[in-house]
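Shown next: model20.csv, given as CSV, C-alpha atoms and all ligand atoms.
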```csv
chain,number,residue,atom,x,y,z
M,128,MET,CA,0.0,0.0,0.0
M,129,SER,CA,1.2,3.5,-0.8
M,130,ILE,CA,-0.1,7.0,-0.8
M,131,LYS,CA,0.8,9.2,-3.8
M,132,LYS,CA,0.6,12.9,-4.5
M,133,LYS,CA,2.5,15.2,-6.8
M,134,SER,CA,5.2,12.8,-7.7
M,135,ARG,CA,5.9,11.8,-4.1
M,136,LEU,CA,5.0,8.5,-2.4
M,137,VAL,CA,4.7,7.3,1.2
M,138,TYR,CA,5.0,3.7,2.1
M,139,PRO,CA,3.6,3.1,5.6
M,140,ILE,CA,5.1,0.5,7.8
M,141,ILE,CA,2.4,-0.4,10.4
M,142,VAL,CA,3.3,-3.3,12.6
M,143,PRO,CA,1.0,-4.7,15.3
M,144,THR,CA,2.7,-4.8,18.7
M,145,SER,CA,2.1,-5.8,22.3
M,146,TYR,CA,4.4,-3.0,23.3
M,147,GLY,CA,2.4,-0.6,25.6
M,148,LYS,CA,-1.2,-0.1,24.7
M,149,VAL,CA,-0.5,1.6,21.4
M,150,GLY,CA,-1.7,-1.1,19.0
M,151,THR,CA,0.8,-0.7,16.2
M,152,ILE,CA,4.2,0.9,15.8
M,153,ASN,CA,4.5,2.9,12.7
M,154,SER,CA,7.2,4.3,10.5
M,155,TYR,CA,7.1,5.7,7.0
M,156,ILE,CA,9.2,5.7,3.9
M,157,ILE,CA,9.0,8.7,1.7
M,158,ASN,CA,10.0,8.3,-1.9
M,159,ASP,CA,10.6,11.8,-3.4
M,160,GLY,CA,11.6,10.5,-6.8
M,161,ASP,CA,15.3,10.9,-6.2
M,162,SER,CA,15.8,9.3,-2.8
M,163,LEU,CA,14.2,7.3,0.0
M,164,SER,CA,13.8,8.7,3.5
M,165,LEU,CA,12.7,6.7,6.6
M,166,ILE,CA,10.6,8.7,9.1
M,167,ASP,CA,11.1,7.0,12.4
M,168,ALA,CA,12.8,3.6,12.8
M,169,GLY,CA,10.4,1.4,14.7
M,170,ILE,CA,11.4,-0.9,17.5
M,171,HIS,CA,14.4,-3.3,17.7
M,172,THR,CA,12.7,-6.6,16.9
M,173,GLU,CA,13.1,-9.2,14.2
M,174,LYS,CA,9.5,-8.6,13.3
M,175,TYR,CA,10.1,-4.9,12.7
M,176,LYS,CA,13.2,-5.6,10.6
M,177,ASP,CA,11.1,-8.0,8.5
M,178,ALA,CA,8.4,-5.4,8.0
M,179,LEU,CA,10.9,-2.7,6.9
M,180,ILE,CA,12.7,-5.1,4.5
M,181,THR,CA,9.3,-6.4,3.1
M,182,THR,CA,7.9,-2.9,2.6
M,183,LEU,CA,11.1,-1.8,0.8
M,184,ALA,CA,11.1,-5.0,-1.3
M,185,ALA,CA,7.5,-4.6,-2.3
M,186,ASN,CA,8.4,-1.4,-4.0
M,187,GLY,CA,11.7,-2.6,-5.5
M,188,TYR,CA,14.1,-1.3,-2.9
M,189,ARG,CA,16.6,-2.5,-0.2
M,190,ILE,CA,17.9,-1.1,3.0
M,191,SER,CA,21.0,0.2,1.2
M,192,ASP,CA,18.7,2.4,-0.9
M,193,LEU,CA,17.7,4.5,2.1
M,194,SER,CA,19.3,8.0,2.0
M,195,ARG,CA,18.5,9.4,5.4
M,196,ILE,CA,16.5,8.8,8.6
M,197,LEU,CA,14.3,11.5,10.2
M,198,LEU,CA,13.1,11.0,13.8
M,199,THR,CA,10.0,12.6,15.3
M,200,HIS,CA,11.3,12.0,18.8
M,201,HIS,CA,13.8,9.9,20.8
M,202,HIS,CA,11.5,7.2,22.4
M,203,GLU,CA,12.7,3.7,21.9
M,204,ASP,CA,9.8,2.6,19.7
M,205,HIS,CA,10.8,5.3,17.2
M,206,VAL,CA,14.5,4.8,17.0
M,207,GLY,CA,14.8,1.0,17.4
M,208,LEU,CA,16.4,0.1,14.1
M,209,VAL,CA,18.6,3.1,13.6
M,210,ASN,CA,21.9,1.4,14.7
M,211,TRP,CA,20.9,-1.7,12.7
M,212,ILE,CA,20.3,0.3,9.5
M,213,LEU,CA,23.6,2.3,10.1
M,214,GLN,CA,25.5,-0.9,10.3
M,215,LYS,CA,24.3,-1.7,6.7
M,216,LYS,CA,24.7,1.8,5.4
M,217,ASP,CA,26.0,5.0,7.0
M,218,ILE,CA,23.3,7.6,6.3
M,219,PRO,CA,22.5,10.9,8.1
M,220,VAL,CA,20.1,10.8,11.0
M,221,TYR,CA,18.1,14.0,11.7
M,222,ALA,CA,16.3,14.8,15.0
M,223,HIS,CA,15.4,17.8,17.1
M,224,HIS,CA,18.4,19.3,19.1
M,225,GLU,CA,16.7,18.2,22.4
M,226,ALA,CA,16.9,14.6,21.1
M,227,VAL,CA,20.7,14.8,20.9
M,228,PRO,CA,21.7,14.3,24.5
M,229,ARG,CA,19.0,11.7,24.9
M,230,LEU,CA,20.0,9.7,21.9
M,231,MET,CA,23.7,10.1,22.4
M,232,VAL,CA,23.1,9.0,26.0
M,233,GLU,CA,25.4,11.7,27.3
M,234,GLN,CA,26.7,11.0,30.8
M,235,GLU,CA,26.2,14.5,32.1
M,236,PHE,CA,22.7,14.7,30.8
M,237,LEU,CA,21.7,11.3,32.3
M,238,VAL,CA,23.1,12.2,35.7
M,239,MET,CA,21.3,15.5,35.7
M,240,ARG,CA,18.1,13.7,34.7
M,241,LYS,CA,18.4,11.2,37.5
M,242,ASN,CA,19.0,14.0,40.0
M,243,PHE,CA,16.0,15.9,38.5
M,244,PHE,CA,13.7,13.0,39.1
M,245,THR,CA,15.1,12.3,42.6
M,246,GLU,CA,14.4,15.8,43.7
M,247,LEU,CA,11.0,15.8,41.9
M,248,TYR,CA,9.8,12.6,43.6
M,249,ILE,CA,11.0,13.9,47.0
M,250,SER,CA,9.1,17.1,46.7
M,251,MET,CA,6.0,15.3,45.4
M,252,GLY,CA,6.1,13.0,48.5
M,253,CYS,CA,6.5,9.7,46.6
M,254,ILE,CA,10.2,8.9,46.9
M,255,GLU,CA,9.6,5.4,48.3
M,256,GLU,CA,7.4,4.4,45.4
M,257,ALA,CA,9.9,5.9,43.0
M,258,GLN,CA,12.8,3.6,43.9
M,259,PRO,CA,12.3,1.2,40.9
M,260,ARG,CA,12.1,4.1,38.5
M,261,LEU,CA,15.3,5.7,40.0
M,262,GLU,CA,17.1,2.3,39.8
M,263,LYS,CA,16.1,2.2,36.1
M,264,LEU,CA,17.5,5.6,35.5
M,265,GLN,CA,20.7,4.5,37.2
M,266,GLN,CA,20.9,1.4,35.0
M,267,THR,CA,20.6,3.6,31.9
M,268,ILE,CA,23.7,5.5,33.2
M,269,GLU,CA,25.6,2.3,33.7
M,270,HIS,CA,24.7,0.7,30.4
M,271,LYS,CA,24.9,3.8,28.4
M,272,ASN,CA,27.3,2.5,25.8
M,273,GLU,CA,25.0,-0.2,24.7
M,274,ASN,CA,22.2,2.3,23.9
M,275,THR,CA,24.1,5.1,22.2
M,276,LEU,CA,23.3,5.8,18.6
M,277,GLN,CA,26.3,5.0,16.4
M,278,THR,CA,26.3,8.3,14.6
M,279,ILE,CA,26.3,12.0,14.9
M,280,ILE,CA,22.8,13.4,14.9
M,281,ARG,CA,22.0,16.4,12.6
M,282,PRO,CA,19.9,18.7,14.7
M,283,LEU,CA,16.7,20.2,13.5
M,284,GLY,CA,14.5,22.9,15.0
M,285,GLU,CA,11.6,25.3,14.3
M,286,GLY,CA,12.0,27.1,11.0
M,287,ASP,CA,14.1,24.4,9.4
M,288,SER,CA,12.9,22.6,6.4
M,289,ILE,CA,13.9,19.2,5.1
M,290,LEU,CA,12.8,17.4,1.9
M,291,GLY,CA,10.6,20.4,1.3
M,292,MET,CA,8.8,19.7,4.6
M,293,LYS,CA,8.6,22.3,7.4
M,294,VAL,CA,9.9,21.3,10.7
M,295,LEU,CA,7.4,22.2,13.5
M,296,GLU,CA,8.4,22.0,17.1
M,297,THR,CA,5.5,20.2,18.8
M,298,PRO,CA,6.6,19.4,22.3
M,299,GLY,CA,4.6,17.9,25.2
M,300,HIS,CA,4.7,14.1,24.6
M,301,SER,CA,8.5,14.6,24.7
M,302,ALA,CA,10.7,17.7,24.8
M,303,ASP,CA,12.1,16.9,21.4
M,304,SER,CA,8.8,16.1,19.5
M,305,ILE,CA,8.8,17.5,16.1
M,306,SER,CA,6.4,17.2,13.2
M,307,PHE,CA,7.2,17.3,9.5
M,308,TYR,CA,4.6,19.3,7.4
M,309,ASP,CA,4.4,18.9,3.6
M,310,GLU,CA,2.3,21.9,3.0
M,311,GLU,CA,2.0,21.3,-0.8
M,312,ARG,CA,0.6,17.8,-0.3
M,313,GLN,CA,-1.2,18.5,3.0
M,314,TRP,CA,0.7,15.6,4.6
M,315,LEU,CA,1.7,15.8,8.3
M,316,LEU,CA,4.1,13.4,10.0
M,317,ALA,CA,3.5,14.0,13.6
M,318,GLY,CA,5.0,11.2,15.6
M,319,ASP,CA,3.1,10.7,18.8
M,320,VAL,CA,1.6,14.1,19.2
M,321,VAL,CA,-1.8,12.9,17.8
M,322,LEU,CA,-2.8,9.3,18.0
M,323,LYS,CA,-6.2,8.2,16.8
M,324,LYS,CA,-7.4,6.0,19.7
M,325,THR,CA,-5.2,6.5,22.7
M,326,THR,CA,-4.1,9.7,24.4
M,327,SER,CA,-0.4,10.3,24.0
M,328,ASN,CA,0.6,11.4,27.4
M,329,ALA,CA,2.5,14.5,28.1
M,330,ILE,CA,5.5,13.1,29.8
M,331,VAL,CA,7.4,15.1,32.5
M,332,ASP,CA,11.0,15.6,31.7
M,333,PRO,CA,13.7,18.2,32.1
M,334,ASP,CA,15.1,20.1,29.2
M,335,ILE,CA,18.8,20.1,28.5
M,336,LYS,CA,19.4,22.7,31.2
M,337,GLY,CA,17.5,20.7,33.8
M,338,ASN,CA,14.3,22.8,33.9
M,339,ARG,CA,11.0,21.0,34.3
M,340,LEU,CA,8.9,21.6,31.2
M,341,PRO,CA,5.2,22.6,31.3
M,342,THR,CA,4.3,19.4,29.4
M,343,VAL,CA,0.5,19.5,29.5
M,344,LYS,CA,0.4,23.1,28.4
M,345,GLN,CA,3.0,22.4,25.7
M,346,HIS,CA,1.0,19.4,24.5
M,347,LYS,CA,-2.2,21.4,24.3
M,348,GLU,CA,-0.5,24.1,22.3
M,349,SER,CA,1.1,21.6,20.0
M,350,LEU,CA,-2.3,20.0,19.4
M,351,LYS,CA,-3.9,23.4,18.7
M,352,ARG,CA,-1.2,24.3,16.3
M,353,LEU,CA,-1.5,21.1,14.3
M,354,GLN,CA,-5.3,21.4,14.3
M,355,GLN,CA,-5.0,24.7,12.4
M,356,LEU,CA,-3.0,23.2,9.5
M,357,ASP,CA,-4.6,22.0,6.3
M,358,VAL,CA,-4.1,18.2,6.5
M,359,GLU,CA,-5.3,15.4,4.3
M,360,TYR,CA,-3.3,12.7,5.9
M,361,LEU,CA,-1.8,12.7,9.3
M,362,PHE,CA,0.8,10.0,9.5
M,363,ALA,CA,0.9,9.0,13.2
M,364,GLY,CA,3.5,7.1,15.2
M,365,HIS,CA,0.9,4.5,16.2
M,366,GLN,CA,-2.5,3.2,15.0
M,367,GLU,CA,-4.1,4.2,11.8
M,368,ILE,CA,-3.3,7.1,9.5
M,369,ILE,CA,-5.7,10.0,10.4
M,370,GLU,CA,-7.9,11.5,7.8
M,371,ASP,CA,-10.0,13.7,10.1
M,372,HIS,CA,-7.3,15.3,12.2
M,373,HIS,CA,-9.5,18.3,13.1
M,374,ASN,CA,-12.1,16.2,14.9
M,375,VAL,CA,-9.5,13.8,16.4
M,376,ILE,CA,-7.6,16.8,17.9
M,377,SER,CA,-10.9,18.4,19.2
M,378,GLN,CA,-11.6,15.2,21.1
M,379,LYS,CA,-8.0,15.2,22.5
M,380,LEU,CA,-8.4,18.8,23.6
M,381,ASP,CA,-11.7,18.0,25.3
M,382,LYS,CA,-10.1,15.1,27.2
M,383,ILE,CA,-7.2,17.2,28.4
M,384,GLN,CA,-9.8,19.8,29.8
M,385,HIS,CA,-11.8,17.0,31.3
M,386,LYS,CA,-8.8,15.6,33.1
M,387,ALA,CA,-7.7,19.0,34.3
M,388,ASN,CA,-11.2,19.5,35.7
M,389,ARG,CA,-11.2,16.2,37.6
M,390,LEU,CA,-7.8,17.0,39.2
M,391,TYR,CA,-9.0,20.4,40.2
M,392,SER,CA,-12.1,19.0,41.8
M,393,PHE,CA,-10.1,16.5,43.9
M,394,ILE,CA,-7.9,19.4,45.1
M,395,ASN,CA,-11.0,21.6,45.7
M,396,GLU,CA,-12.5,18.8,47.8
M,397,GLY,CA,-9.5,18.7,50.0
M,398,THR,CA,-6.9,16.3,48.6
M,399,HIS,CA,-3.7,18.3,48.9
M,400,LEU,CA,-0.9,15.8,48.4
M,401,PRO,CA,0.3,14.8,44.9
M,402,LYS,CA,0.5,11.2,46.0
M,403,GLU,CA,-3.1,11.1,47.2
M,404,ILE,CA,-4.3,12.9,44.1
M,405,ALA,CA,-2.5,10.2,42.0
M,406,GLN,CA,-4.0,7.4,44.1
M,407,ASN,CA,-7.5,8.9,43.9
M,408,LEU,CA,-7.3,9.3,40.2
M,409,TYR,CA,-5.6,6.1,39.2
M,410,GLY,CA,-6.1,3.6,42.1
M,411,HIS,CA,-3.7,0.6,41.9
M,412,LYS,CA,-2.1,2.0,38.7
M,413,PHE,CA,-0.3,4.4,41.0
M,414,ASN,CA,1.9,1.4,41.9
M,415,THR,CA,1.9,-0.6,38.7
M,416,GLU,CA,2.4,2.3,36.3
M,417,PHE,CA,4.1,4.6,38.8
M,418,SER,CA,6.2,6.6,36.3
M,419,LEU,CA,3.4,7.3,33.8
M,420,VAL,CA,0.8,8.1,36.5
M,421,MET,CA,3.1,10.5,38.4
M,422,SER,CA,4.2,12.1,35.2
M,423,GLU,CA,0.6,12.7,34.3
M,424,VAL,CA,-0.4,14.1,37.7
M,425,ILE,CA,2.6,16.4,37.9
M,426,GLY,CA,2.0,17.6,34.4
M,427,TYR,CA,-1.6,18.5,35.3
M,428,LEU,CA,-0.7,20.1,38.6
M,429,ASP,CA,1.7,22.4,36.8
M,430,TYR,CA,-1.0,23.1,34.2
M,431,LEU,CA,-3.6,24.0,36.8
M,432,GLU,CA,-1.1,26.2,38.6
M,433,GLU,CA,-0.2,28.0,35.4
M,434,GLU,CA,-3.9,28.6,34.8
M,435,GLY,CA,-4.1,30.2,38.2
M,436,LEU,CA,-6.6,27.6,39.6
M,437,ILE,CA,-4.4,26.2,42.3
M,438,GLU,CA,-1.3,27.1,44.3
M,439,LYS,CA,1.3,25.1,46.1
M,440,SER,CA,3.3,25.5,49.3
M,441,LEU,CA,6.2,23.5,50.7
M,442,GLN,CA,5.6,21.8,54.0
M,443,ASN,CA,8.4,19.6,55.4
M,444,GLY,CA,9.9,19.5,51.9
M,445,ILE,CA,6.7,18.2,50.2
M,446,TRP,CA,4.4,20.3,48.0
M,447,HIS,CA,0.8,20.8,49.2
M,448,TYR,CA,-1.7,22.0,46.7
M,449,LYS,CA,-4.7,24.2,47.3
M,450,ALA,CA,-7.6,25.3,45.1
M,451,LEU,CA,-7.8,29.1,44.5
M,452,LYS,CA,-11.2,29.6,42.9
M,501,ZN,ZN,5.6,6.0,20.3
```

Starting from the coordinates I provided, produce the structure as structure tokens.
Amino acid sequence: MSIKKKSRLVYPIIVPTSYGKVGTINSYIINDGDSLSLIDAGIHTEKYKDALITTLAANGYRISDLSRILLTHHHEDHVGLVNWILQKKDIPVYAHHEAVPRLMVEQEFLVMRKNFFTELYISMGCIEEAQPRLEKLQQTIEHKNENTLQTIIRPLGEGDSILGMKVLETPGHSADSISFYDEERQWLLAGDVVLKKTTSNAIVDPDIKGNRLPTVKQHKESLKRLQQLDVEYLFAGHQEIIEDHHNVISQKLDKIQHKANRLYSFINEGTHLPKEIAQNLYGHKFNTEFSLVMSEVIGYLDYLEEEGLIEKSLQNGIWHYKALK
């Protein structure tokens, strides 16, 4: 299957997966007539390698025909085959500049990131529950050489353009999320910013300098920005290709508002501690999916605070939240 417009083709690679709850892991090959570009590189499994090889072969190509890789963000289900492809052919890899320390697994960045999360979980009153997460972050530091991309990444940012596509910074899901917009064809490759069926979480993370990013607000702004574009096909990082992006995004924005309202009402009714808010909202998932749940709660607390609906005060080193209106 391919999608064609104005002498350019997209070959989607959509592979069912049990990874997370995302349904499929997608990447896309763009054939611009002169060269082939891979947008995102799936996950590191034999099944995904097969899918990439098969899609290329079905159109008369091989791995060695690829000319470049473009990454929408640094998560492992989007960069999985980069090193494997580079072993076969050394081609340029492009990603947002915030992706560079994450993909190059830079020591200084990883140590900063672990300290960032340690302090964050202490101040959110859940340092005990956070131990497995912190151990994982430590493991990443110790095994960093195994995970590093074997290349120099070419950084992209807002205002850049590549293959005639505009690079749009669309952070929230991750600090380095970018979308590629082919205005002429009304094609949008948006990584995980908009998924058809599941909510792509705004995930708490520090930027390169160690500042906590206002992820929910960023995600909301990114969604609004993409909604305004003329789009025929939105090529998403998971699930099906979206043909009614305006409606899909409206629903996402409603959900964000709904969740913000729920959190606010908990606080308004007298739940003041982040940990208790998380337990009220997510029940046993607070323990089984600690990292995602806490990320979500912290993201929304920051959001409500920025909106002037709540305020926080430090008591014995732990933030207490209070409703303002
Ligand atoms: Zn993903």

- Pick out the closest residue to Ile383 in chain M from this set: M:Ala329, M:Leu400, M:Leu441, M:Ile190. Count all atoms listed in the file.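 Nearest to Ile383 in chain M: M:Ala329.
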
Test item: residues no farther than 6 Å from ligand ZN 501 (chain M), counting all atoms listed in the file, as an mmCIF file with C-alpha atoms, in the frame of the given file:
```
data_model
loop_
_atom_site.group_PDB
_atom_site.id
_atom_site.type_symbol
_atom_site.label_atom_id
_atom_site.label_comp_id
_atom_site.auth_asym_id
_atom_site.auth_seq_id
_atom_site.Cartn_x
_atom_site.Cartn_y
_atom_site.Cartn_z
ATOM 1 C CA ASP M 204 9.800 2.600 19.700
ATOM 2 C CA ASP M 319 3.100 10.700 18.800
ATOM 3 C CA GLY M 364 3.500 7.100 15.200
#
```

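Between CA of His202 in chain M and CA of Tyr221 in chain M lies a distance of 14.3 Å.
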
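Coordinates place CA of Gly444 in chain M at a distance of 5.8 Å from CA of Ser250 in chain M.
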
Report task. Find the residues near Leu179 in chain M: any atom within 12 Å, counting only C-alpha atoms, skip ones fewer than 2 places away on the same chain, and give them as number ranges by chain. Result -> M: 138-142, 152-156, 165-177, 181-186, 188-191, 193, 207-209, 211-212
